[in-house]
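Novice: The structure follows.
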Amino acid sequence: MSETISETVSEGTSIVDELSAGRRERSSERARTHFNNAVRAAEAWYRATGNPAALILKSEGYSQLALDAATARTRSEYWRAALKALAGGGALPSEQVAEAYAFVAVDCFQDMLSDLDLKNRQQFLRSAREKLDLALKSAPHGAAVSALLARKSSVLRYLGLTEISPETRRQRLEEAFRCATLAVNTHPADSAVLELANAEWTLARHQKTDEEYAARLRNAELHFTAAAAARDSEVAGLALARFYRLTFQPLRACEVFLRAMHDVKNLRGFLRDAHLLGEVTTQLWTSDYPKEVLDLYLPEARALLESALAAGFRTARNVVALAFVTAIAEGEDAGSLALSEICAKEGVAWDRALALASDADSSRLPEYGFALGIDQSSVWTRLGTYVSRFRKDPLLTETLYRTAVRIDSHDAIALTNLARFLIHHHGEAGRQEADRLLQKAESFADRRFTWWRAVRASLPARAKSSVTGKTSRPGKAHFENLGELCVDFERIANLEDRAQRGRELERLICELAKLTVGMGRSAYRVPREGDGESEIDGYFEHGPDRYRVECKWRELPTPPADIVLFADKLDVVGVAGVFLSMNGFTPQAIGRAHELRKDKAILLMDGDEARLVFNREINFDTVISLKRQYFNQRSEPYHRVSLEEESK
């Protein structure tokens with residue numbers, strides 16, 4: 001709930017203190033004591049004075065109890081109590097009640113661990129929208145209107161995600177974005193900027209073209225970063241970490257998450273979301289980041305997840321995340337020991353319990369001792385991946401993946417994982433089923449998830465789409481991790497056809513960008529003035545910066561003429577260039593790039609640097625960061641990055 005609401009309450013200081021103490025508490029029992037004390041004190045204050053501000057604090061206490069509750073039913077009861085406390089609102093100015101009600105309604109909607117059905121959640125959001133609309137009619141201008149518009153954007157955003165029609169969903173999300181934009185323009189409070197980031201990011205996933213998606217993605221990241229840089233920005237820091245997690249930038253997600261934890265005031269909020277750090281650390285491992293990077297974050301993730309379980313947050317996502325990081329650090333036995341927390345029923349091994357549970361009603365599994373959240377498709381998918389990678393048990397792996405698809409037949413990630421499994425384990429029949437699953441994954445995936453393409457590319461050339469009848473392209477078009485990419489780099493290094501070697505290098509750079517900095521696009525053409533076209537070897541994004549790529553793998557160093565031709569392709573405002581020449585550059589070419597530096601930002605990269613990247617000795621992310629840093633500070637387009645430089 002908004003901190004500004006609590007700050008407006010002067011007489012409720014002791015209640016605010018109880019809520020703050022509960023959020024900082026590691027012990028679930030002591031935290032509940034603080035939250036219950038806050039609820040009782042707020043109720044007593046309201047009975048004694050009739051001050052409706054007490055109802056906001058009472059509702060906040062119930063909300064915290066809901067987030068801490070260990071059963072789905074109890075969580076739902078607390079959410080209902082929190083909303084009921086605000087249903088009337090007494091004589092408190094309507095904008096404060098409306099804002100508080102909207103906060104609770106959104107938090108309630110997001111809590112997938114309660115047993116409230118979608119109809120109830122939607123009704124709470126609609127009630128919040130009605131209250132916000134009424135409050136906006138009478139609210140004073142400035143900060144109050146901005147806060148109400150930001151809350152309305154949040155409500156519309158979640159209502160939009162429940163729409164069945166893609167067009168209606170898009171319209172609702174665009175309405176949410178307009179509300180958030182107006183909120184920031186009215187009064188650029190940190191909470192309004194954060195909501196604008198969320199609105200832009202949600203809308204980005206539903207854009208029709210890659211260009212529209214990329215543009216909104218850049219804007220969302222800028223807004224998230226601005227909100228996270230503000231004072232007391234724990235919520236924004238978590239939001240930015242989630243953004244990087246869902247745009248497959250695990251290294252940035254780790255860095256942001258741990259930075260947001262510095263001097264944290266809401267410790268229980270971070271413990272509740274500890275799975276986020278565990279999952280992005282696992283992404284580093286599956287993407288084959290160097291051991292030195294993993295060693296930085298594995299201990300942090302493990303310690304946080306163990307603290308989360310000890311603090312009472314025994315959720316399925318936390319348990320599975322801990323199993324992954326412990327298995328990565330110490331092996332499968334340690335991971336299985338952590339995974340035993342998935343089911344509290346004594347005498348039943350976790351793998352046996354999961355096999356039996358796969359045929360049961362997933363929504364009732366917590367009643368039988370399973371951790372909260374076990375009824376989510378994403379949890380079963382990650383369990384399947386754990387068993388596949390560490391237990392090497394194909395039968396159980398398939399059972400878990402099929403359960404994930406049964407729980408949510410629209411889950412593109414679950415569909416893709418099951419398809420990949422079938423391709424490798426079930427011959428021609430499996431490939432045919434995999435093709436059907438991948439068609440569904442393509443239909444249900446938004447633009448942030450494209451891995452189904454890599455799995456489809458692994459289908460044999462004879463496998464055809466039953467919809468288009470087109471034959472799949474043979475060969476590996478996409479890569480799941482840096483290890484596969486490095487193997488392919490070694491292959492193309494031995495190609496005798498120089499033209500083919502250059503084209504393959506363009507493709508690898510694009511795939512490298514997808515795995516490391518989040519956004520990459522292979523060769524494409526752009527129209528020029530008149531009737532001409534320019535061929536762009538590749539494109540990627542690195543934080544707020546955008547780069548077009550030129551690749552050359554010739555026998556001789558690149559001459560200055562090629563630099564000039566590449567500079568002509570950098571004809572879009574805000575787009576810089578990365579020129580990779582495997583055999584380096586002539587001194588004249590380096591000088592030409594230096595001369596162009598005021599108009600064109602061109603970073604030069606040679607074969608030695610590329611080999612360090614493809615051998616996983618240096619991160620591509622680090623190379624681009626250092627090169628841009630030296631270009632900005634010293635105007636050096638050809639700053640060579642070495643192992644010694646990377647370690648500084």
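Following the order of the structure tokens, first chain is A, next is B, and so on, with residues numbered from 1 inside each chain and ligands from 1 in the order they appear.
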What's around A:Ala41 at 9 Å? Count only C-alpha atoms, leave out sequence neighbours fewer than 5 positions away in its own chain, and write the answer as a list in words.

Specialist: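 With the cut-off at 9 Å, the set is Gly12, Ser14, Ile15, Asn36, Tyr46, Ala54 and Lys58 of chain A.
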
Novice: Could you go through stretch 526-597 of chain A and tell me which residues DSSP, when run on the backbone, assigns to strand (DSSP E or B), listing them as an MDAnalysis selection string?

Specialist: chainID A and resid 526:527 533:536 538:542 545:552 558 575:581 585

Novice: Could you tell me how far atom CA of A:Arg628 sits from atom CA of A:Lys600, in Å to one decimal place?

Specialist: 12.6 Å

Novice: My list of candidates is A:Lys392, A:His223, A:His594, A:Lys440. Which is closest to A:His639 when distances are computed with only C-alpha atoms?

Specialist: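 For A:His639, the nearest of the given residues is A:His594.
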
Novice: With only C-alpha atoms as the atoms that count, which of A:Leu294, A:Arg268, A:Phe449, A:Ala303 lies nearest to A:Arg245?

Specialist: A:Phe449

Novice: Name the residues in contact with A:Leu485 at a cut-off of 12 Å, using only C-alpha atoms, excluding same-chain residues fewer than 3 positions from it; report them as an MDAnalysis selection string.

Specialist: chainID A and resid 287:288 476:482 488:492 504:505 507:516 611 613:616

Novice: Can you tell me, as a list in words, what residues are no more than 9 Å from A:Asp375 when counting only C-alpha atoms, ignoring any on the same chain fewer than 4 positions away?

Specialist: Leu113, Ala316, Asp361, Ser362, Ser363, Arg364, Leu365, Pro366, Val379, Trp380, Ala404 and Ile407 of chain A

Novice: Okay, now the selection with all heavy atoms, as a compact mmCIF listing (two decimals), in the first residue's frame?

Specialist:
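Result file is part06.txt:
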```txt
# COMPACT_ATOMS: atom_id res chain seq x y z
N LEU A 113 -1.65 -17.31 -4.54
CA LEU A 113 -1.59 -18.35 -3.51
C LEU A 113 -2.88 -18.43 -2.69
O LEU A 113 -3.03 -19.34 -1.88
CB LEU A 113 -0.40 -18.11 -2.58
CG LEU A 113 0.98 -18.05 -3.27
CD1 LEU A 113 2.07 -17.86 -2.23
CD2 LEU A 113 1.23 -19.31 -4.08
N ALA A 316 5.99 -23.04 -3.20
CA ALA A 316 6.57 -23.97 -4.16
C ALA A 316 7.69 -23.32 -4.96
O ALA A 316 8.73 -23.95 -5.23
CB ALA A 316 5.48 -24.51 -5.09
N ASP A 361 -6.38 -33.31 -8.31
CA ASP A 361 -6.84 -31.94 -8.54
C ASP A 361 -5.78 -31.00 -7.98
O ASP A 361 -5.58 -30.92 -6.76
CB ASP A 361 -8.18 -31.72 -7.85
CG ASP A 361 -8.70 -30.30 -8.00
OD1 ASP A 361 -8.02 -29.48 -8.65
OD2 ASP A 361 -9.78 -30.01 -7.46
N SER A 362 -5.08 -30.30 -8.86
CA SER A 362 -3.94 -29.49 -8.41
C SER A 362 -4.33 -28.41 -7.42
O SER A 362 -3.55 -28.04 -6.55
CB SER A 362 -3.24 -28.85 -9.62
OG SER A 362 -4.14 -28.01 -10.32
N SER A 363 -5.56 -27.92 -7.50
CA SER A 363 -5.98 -26.84 -6.61
C SER A 363 -6.12 -27.32 -5.17
O SER A 363 -6.15 -26.51 -4.24
CB SER A 363 -7.31 -26.25 -7.09
OG SER A 363 -8.34 -27.21 -7.01
N ARG A 364 -6.23 -28.64 -4.96
CA ARG A 364 -6.41 -29.17 -3.60
C ARG A 364 -5.11 -29.71 -3.01
O ARG A 364 -5.10 -30.16 -1.86
CB ARG A 364 -7.47 -30.28 -3.62
CG ARG A 364 -8.85 -29.82 -4.08
CD ARG A 364 -9.89 -30.87 -3.77
NE ARG A 364 -9.99 -31.10 -2.34
CZ ARG A 364 -10.73 -32.09 -1.80
NH1 ARG A 364 -11.39 -32.93 -2.56
NH2 ARG A 364 -10.77 -32.24 -0.48
N LEU A 365 -4.04 -29.68 -3.76
CA LEU A 365 -2.79 -30.27 -3.28
C LEU A 365 -2.27 -29.65 -1.98
O LEU A 365 -1.72 -30.37 -1.14
CB LEU A 365 -1.72 -30.19 -4.37
CG LEU A 365 -1.94 -31.11 -5.58
CD1 LEU A 365 -0.83 -30.93 -6.60
CD2 LEU A 365 -2.03 -32.57 -5.14
N PRO A 366 -2.38 -28.31 -1.77
CA PRO A 366 -1.92 -27.77 -0.49
C PRO A 366 -2.61 -28.40 0.72
O PRO A 366 -2.02 -28.46 1.81
CB PRO A 366 -2.25 -26.27 -0.60
CG PRO A 366 -2.20 -26.00 -2.07
CD PRO A 366 -2.77 -27.23 -2.70
N VAL A 379 5.39 -23.89 -11.91
CA VAL A 379 6.10 -24.67 -10.90
C VAL A 379 6.35 -26.09 -11.41
O VAL A 379 7.46 -26.63 -11.29
CB VAL A 379 5.31 -24.70 -9.58
CG1 VAL A 379 5.90 -25.72 -8.62
CG2 VAL A 379 5.31 -23.32 -8.94
N TRP A 380 5.33 -26.71 -12.01
CA TRP A 380 5.50 -28.07 -12.53
C TRP A 380 6.49 -28.09 -13.69
O TRP A 380 7.25 -29.06 -13.86
CB TRP A 380 4.15 -28.64 -12.96
CG TRP A 380 3.28 -28.99 -11.79
CD1 TRP A 380 2.45 -28.15 -11.12
CD2 TRP A 380 3.20 -30.25 -11.13
NE1 TRP A 380 1.85 -28.81 -10.08
CE2 TRP A 380 2.28 -30.11 -10.06
CE3 TRP A 380 3.79 -31.49 -11.33
CZ2 TRP A 380 1.95 -31.16 -9.21
CZ3 TRP A 380 3.46 -32.55 -10.49
CH2 TRP A 380 2.55 -32.37 -9.44
N ALA A 404 2.04 -29.87 -16.09
CA ALA A 404 2.09 -28.42 -16.30
C ALA A 404 1.16 -28.01 -17.42
O ALA A 404 0.42 -27.02 -17.31
CB ALA A 404 3.52 -27.99 -16.61
N ILE A 407 -2.52 -28.33 -16.32
CA ILE A 407 -2.95 -27.24 -15.44
C ILE A 407 -3.25 -25.98 -16.25
O ILE A 407 -4.22 -25.27 -15.99
CB ILE A 407 -1.87 -26.96 -14.38
CG1 ILE A 407 -1.79 -28.15 -13.40
CG2 ILE A 407 -2.17 -25.68 -13.61
CD1 ILE A 407 -0.64 -28.04 -12.42
```

Novice: So that I can check the surroundings of stretch 66-81 of chain A, please list as a PDB file with N, CA and C atoms, in the first residue's frame every protein, DNA and RNA residue that reaches within 9 Å of it, counting only C-alpha atoms and ignoring chain neighbours fewer than 5 positions away.

Specialist:
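This went into out-v1.pdb:
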```pdb
ATOM      1  N   SER A  28       8.176 -15.376  11.363  1.00  0.00           N
ATOM      2  CA  SER A  28       6.786 -15.263  10.920  1.00  0.00           C
ATOM      3  C   SER A  28       5.848 -15.079  12.113  1.00  0.00           C
ATOM      4  N   ALA A  31       6.200 -11.509  13.323  1.00  0.00           N
ATOM      5  CA  ALA A  31       5.622 -10.610  12.316  1.00  0.00           C
ATOM      6  C   ALA A  31       4.099 -10.604  12.429  1.00  0.00           C
ATOM      7  N   ARG A  32       3.496 -11.781  12.563  1.00  0.00           N
ATOM      8  CA  ARG A  32       2.033 -11.851  12.697  1.00  0.00           C
ATOM      9  C   ARG A  32       1.565 -11.145  13.954  1.00  0.00           C
ATOM     10  N   SER A  59      -6.904  -2.045   7.287  1.00  0.00           N
ATOM     11  CA  SER A  59      -6.859  -2.776   6.020  1.00  0.00           C
ATOM     12  C   SER A  59      -5.432  -3.176   5.666  1.00  0.00           C
ATOM     13  N   GLY A  61      -3.006  -3.780   7.765  1.00  0.00           N
ATOM     14  CA  GLY A  61      -2.642  -4.890   8.634  1.00  0.00           C
ATOM     15  C   GLY A  61      -3.179  -6.210   8.118  1.00  0.00           C
ATOM     16  N   LEU A  86     -12.452  -1.206   4.026  1.00  0.00           N
ATOM     17  CA  LEU A  86     -12.461   0.022   3.232  1.00  0.00           C
ATOM     18  C   LEU A  86     -13.741   0.206   2.423  1.00  0.00           C
ATOM     19  N   VAL A 104      -5.223  -2.466  -2.371  1.00  0.00           N
ATOM     20  CA  VAL A 104      -5.539  -3.792  -1.830  1.00  0.00           C
ATOM     21  C   VAL A 104      -6.116  -4.689  -2.910  1.00  0.00           C
ATOM     22  N   ALA A 105      -6.995  -4.142  -3.741  1.00  0.00           N
ATOM     23  CA  ALA A 105      -7.610  -4.942  -4.798  1.00  0.00           C
ATOM     24  C   ALA A 105      -6.556  -5.492  -5.764  1.00  0.00           C
ATOM     25  N   ASP A 107      -3.258  -5.906  -5.088  1.00  0.00           N
ATOM     26  CA  ASP A 107      -2.441  -6.894  -4.366  1.00  0.00           C
ATOM     27  C   ASP A 107      -3.185  -8.220  -4.242  1.00  0.00           C
ATOM     28  N   CYS A 108      -4.481  -8.144  -3.969  1.00  0.00           N
ATOM     29  CA  CYS A 108      -5.306  -9.346  -3.866  1.00  0.00           C
ATOM     30  C   CYS A 108      -5.330 -10.081  -5.201  1.00  0.00           C
ATOM     31  N   ASP A 111      -2.136 -12.054  -5.878  1.00  0.00           N
ATOM     32  CA  ASP A 111      -1.814 -13.153  -4.968  1.00  0.00           C
ATOM     33  C   ASP A 111      -2.399 -14.459  -5.496  1.00  0.00           C
ATOM     34  N   MET A 112      -1.612 -15.203  -6.227  1.00  0.00           N
ATOM     35  CA  MET A 112      -2.066 -16.467  -6.795  1.00  0.00           C
ATOM     36  C   MET A 112      -2.036 -17.607  -5.778  1.00  0.00           C
ATOM     37  N   LEU A 113      -1.654 -17.306  -4.537  1.00  0.00           N
ATOM     38  CA  LEU A 113      -1.593 -18.348  -3.512  1.00  0.00           C
ATOM     39  C   LEU A 113      -2.879 -18.434  -2.687  1.00  0.00           C
ATOM     40  N   SER A 114      -3.795 -17.486  -2.882  1.00  0.00           N
ATOM     41  CA  SER A 114      -5.094 -17.581  -2.198  1.00  0.00           C
ATOM     42  C   SER A 114      -6.017 -18.454  -3.043  1.00  0.00           C
ATOM     43  N   ASP A 115      -7.178 -18.804  -2.485  1.00  0.00           N
ATOM     44  CA  ASP A 115      -8.106 -19.638  -3.245  1.00  0.00           C
ATOM     45  C   ASP A 115      -9.269 -18.833  -3.820  1.00  0.00           C
ATOM     46  N   LEU A 116      -9.122 -17.520  -3.906  1.00  0.00           N
ATOM     47  CA  LEU A 116     -10.140 -16.707  -4.554  1.00  0.00           C
ATOM     48  C   LEU A 116     -10.160 -17.010  -6.050  1.00  0.00           C
ATOM     49  N   ARG A 268      10.422  -8.722   4.816  1.00  0.00           N
ATOM     50  CA  ARG A 268       9.536  -9.838   4.514  1.00  0.00           C
ATOM     51  C   ARG A 268       9.109  -9.821   3.037  1.00  0.00           C
ATOM     52  N   GLY A 269       9.022  -8.636   2.460  1.00  0.00           N
ATOM     53  CA  GLY A 269       8.709  -8.569   1.042  1.00  0.00           C
ATOM     54  C   GLY A 269       9.784  -9.215   0.190  1.00  0.00           C
ATOM     55  N   ARG A 272       9.707 -13.010   0.718  1.00  0.00           N
ATOM     56  CA  ARG A 272       8.557 -13.570   0.004  1.00  0.00           C
ATOM     57  C   ARG A 272       8.901 -13.779  -1.475  1.00  0.00           C
ATOM     58  N   GLY A 312       8.974 -18.654   7.118  1.00  0.00           N
ATOM     59  CA  GLY A 312       7.585 -19.080   6.930  1.00  0.00           C
ATOM     60  C   GLY A 312       7.080 -19.026   5.511  1.00  0.00           C
ATOM     61  N   PHE A 313       7.945 -18.635   4.561  1.00  0.00           N
ATOM     62  CA  PHE A 313       7.503 -18.544   3.174  1.00  0.00           C
ATOM     63  C   PHE A 313       7.824 -19.847   2.442  1.00  0.00           C
ATOM     64  N   ARG A 314       7.151 -20.915   2.851  1.00  0.00           N
ATOM     65  CA  ARG A 314       7.356 -22.226   2.211  1.00  0.00           C
ATOM     66  C   ARG A 314       6.439 -22.329   0.996  1.00  0.00           C
ATOM     67  N   THR A 315       6.775 -21.548  -0.017  1.00  0.00           N
ATOM     68  CA  THR A 315       6.015 -21.606  -1.255  1.00  0.00           C
ATOM     69  C   THR A 315       6.727 -22.526  -2.241  1.00  0.00           C
ATOM     70  N   PRO A 366      -2.382 -28.312  -1.771  1.00  0.00           N
ATOM     71  CA  PRO A 366      -1.919 -27.767  -0.489  1.00  0.00           C
ATOM     72  C   PRO A 366      -2.606 -28.401   0.721  1.00  0.00           C
ATOM     73  N   GLU A 367      -3.831 -28.903   0.539  1.00  0.00           N
ATOM     74  CA  GLU A 367      -4.528 -29.564   1.645  1.00  0.00           C
ATOM     75  C   GLU A 367      -3.833 -30.855   2.057  1.00  0.00           C
ATOM     76  N   ALA A 371       3.458 -27.522  -0.737  1.00  0.00           N
ATOM     77  CA  ALA A 371       3.715 -26.095  -0.543  1.00  0.00           C
ATOM     78  C   ALA A 371       2.732 -25.260  -1.357  1.00  0.00           C
ATOM     79  N   LEU A 372       2.418 -24.076  -0.844  1.00  0.00           N
ATOM     80  CA  LEU A 372       1.528 -23.173  -1.566  1.00  0.00           C
ATOM     81  C   LEU A 372       2.097 -22.847  -2.947  1.00  0.00           C
TER      82      LEU A 372
END
```
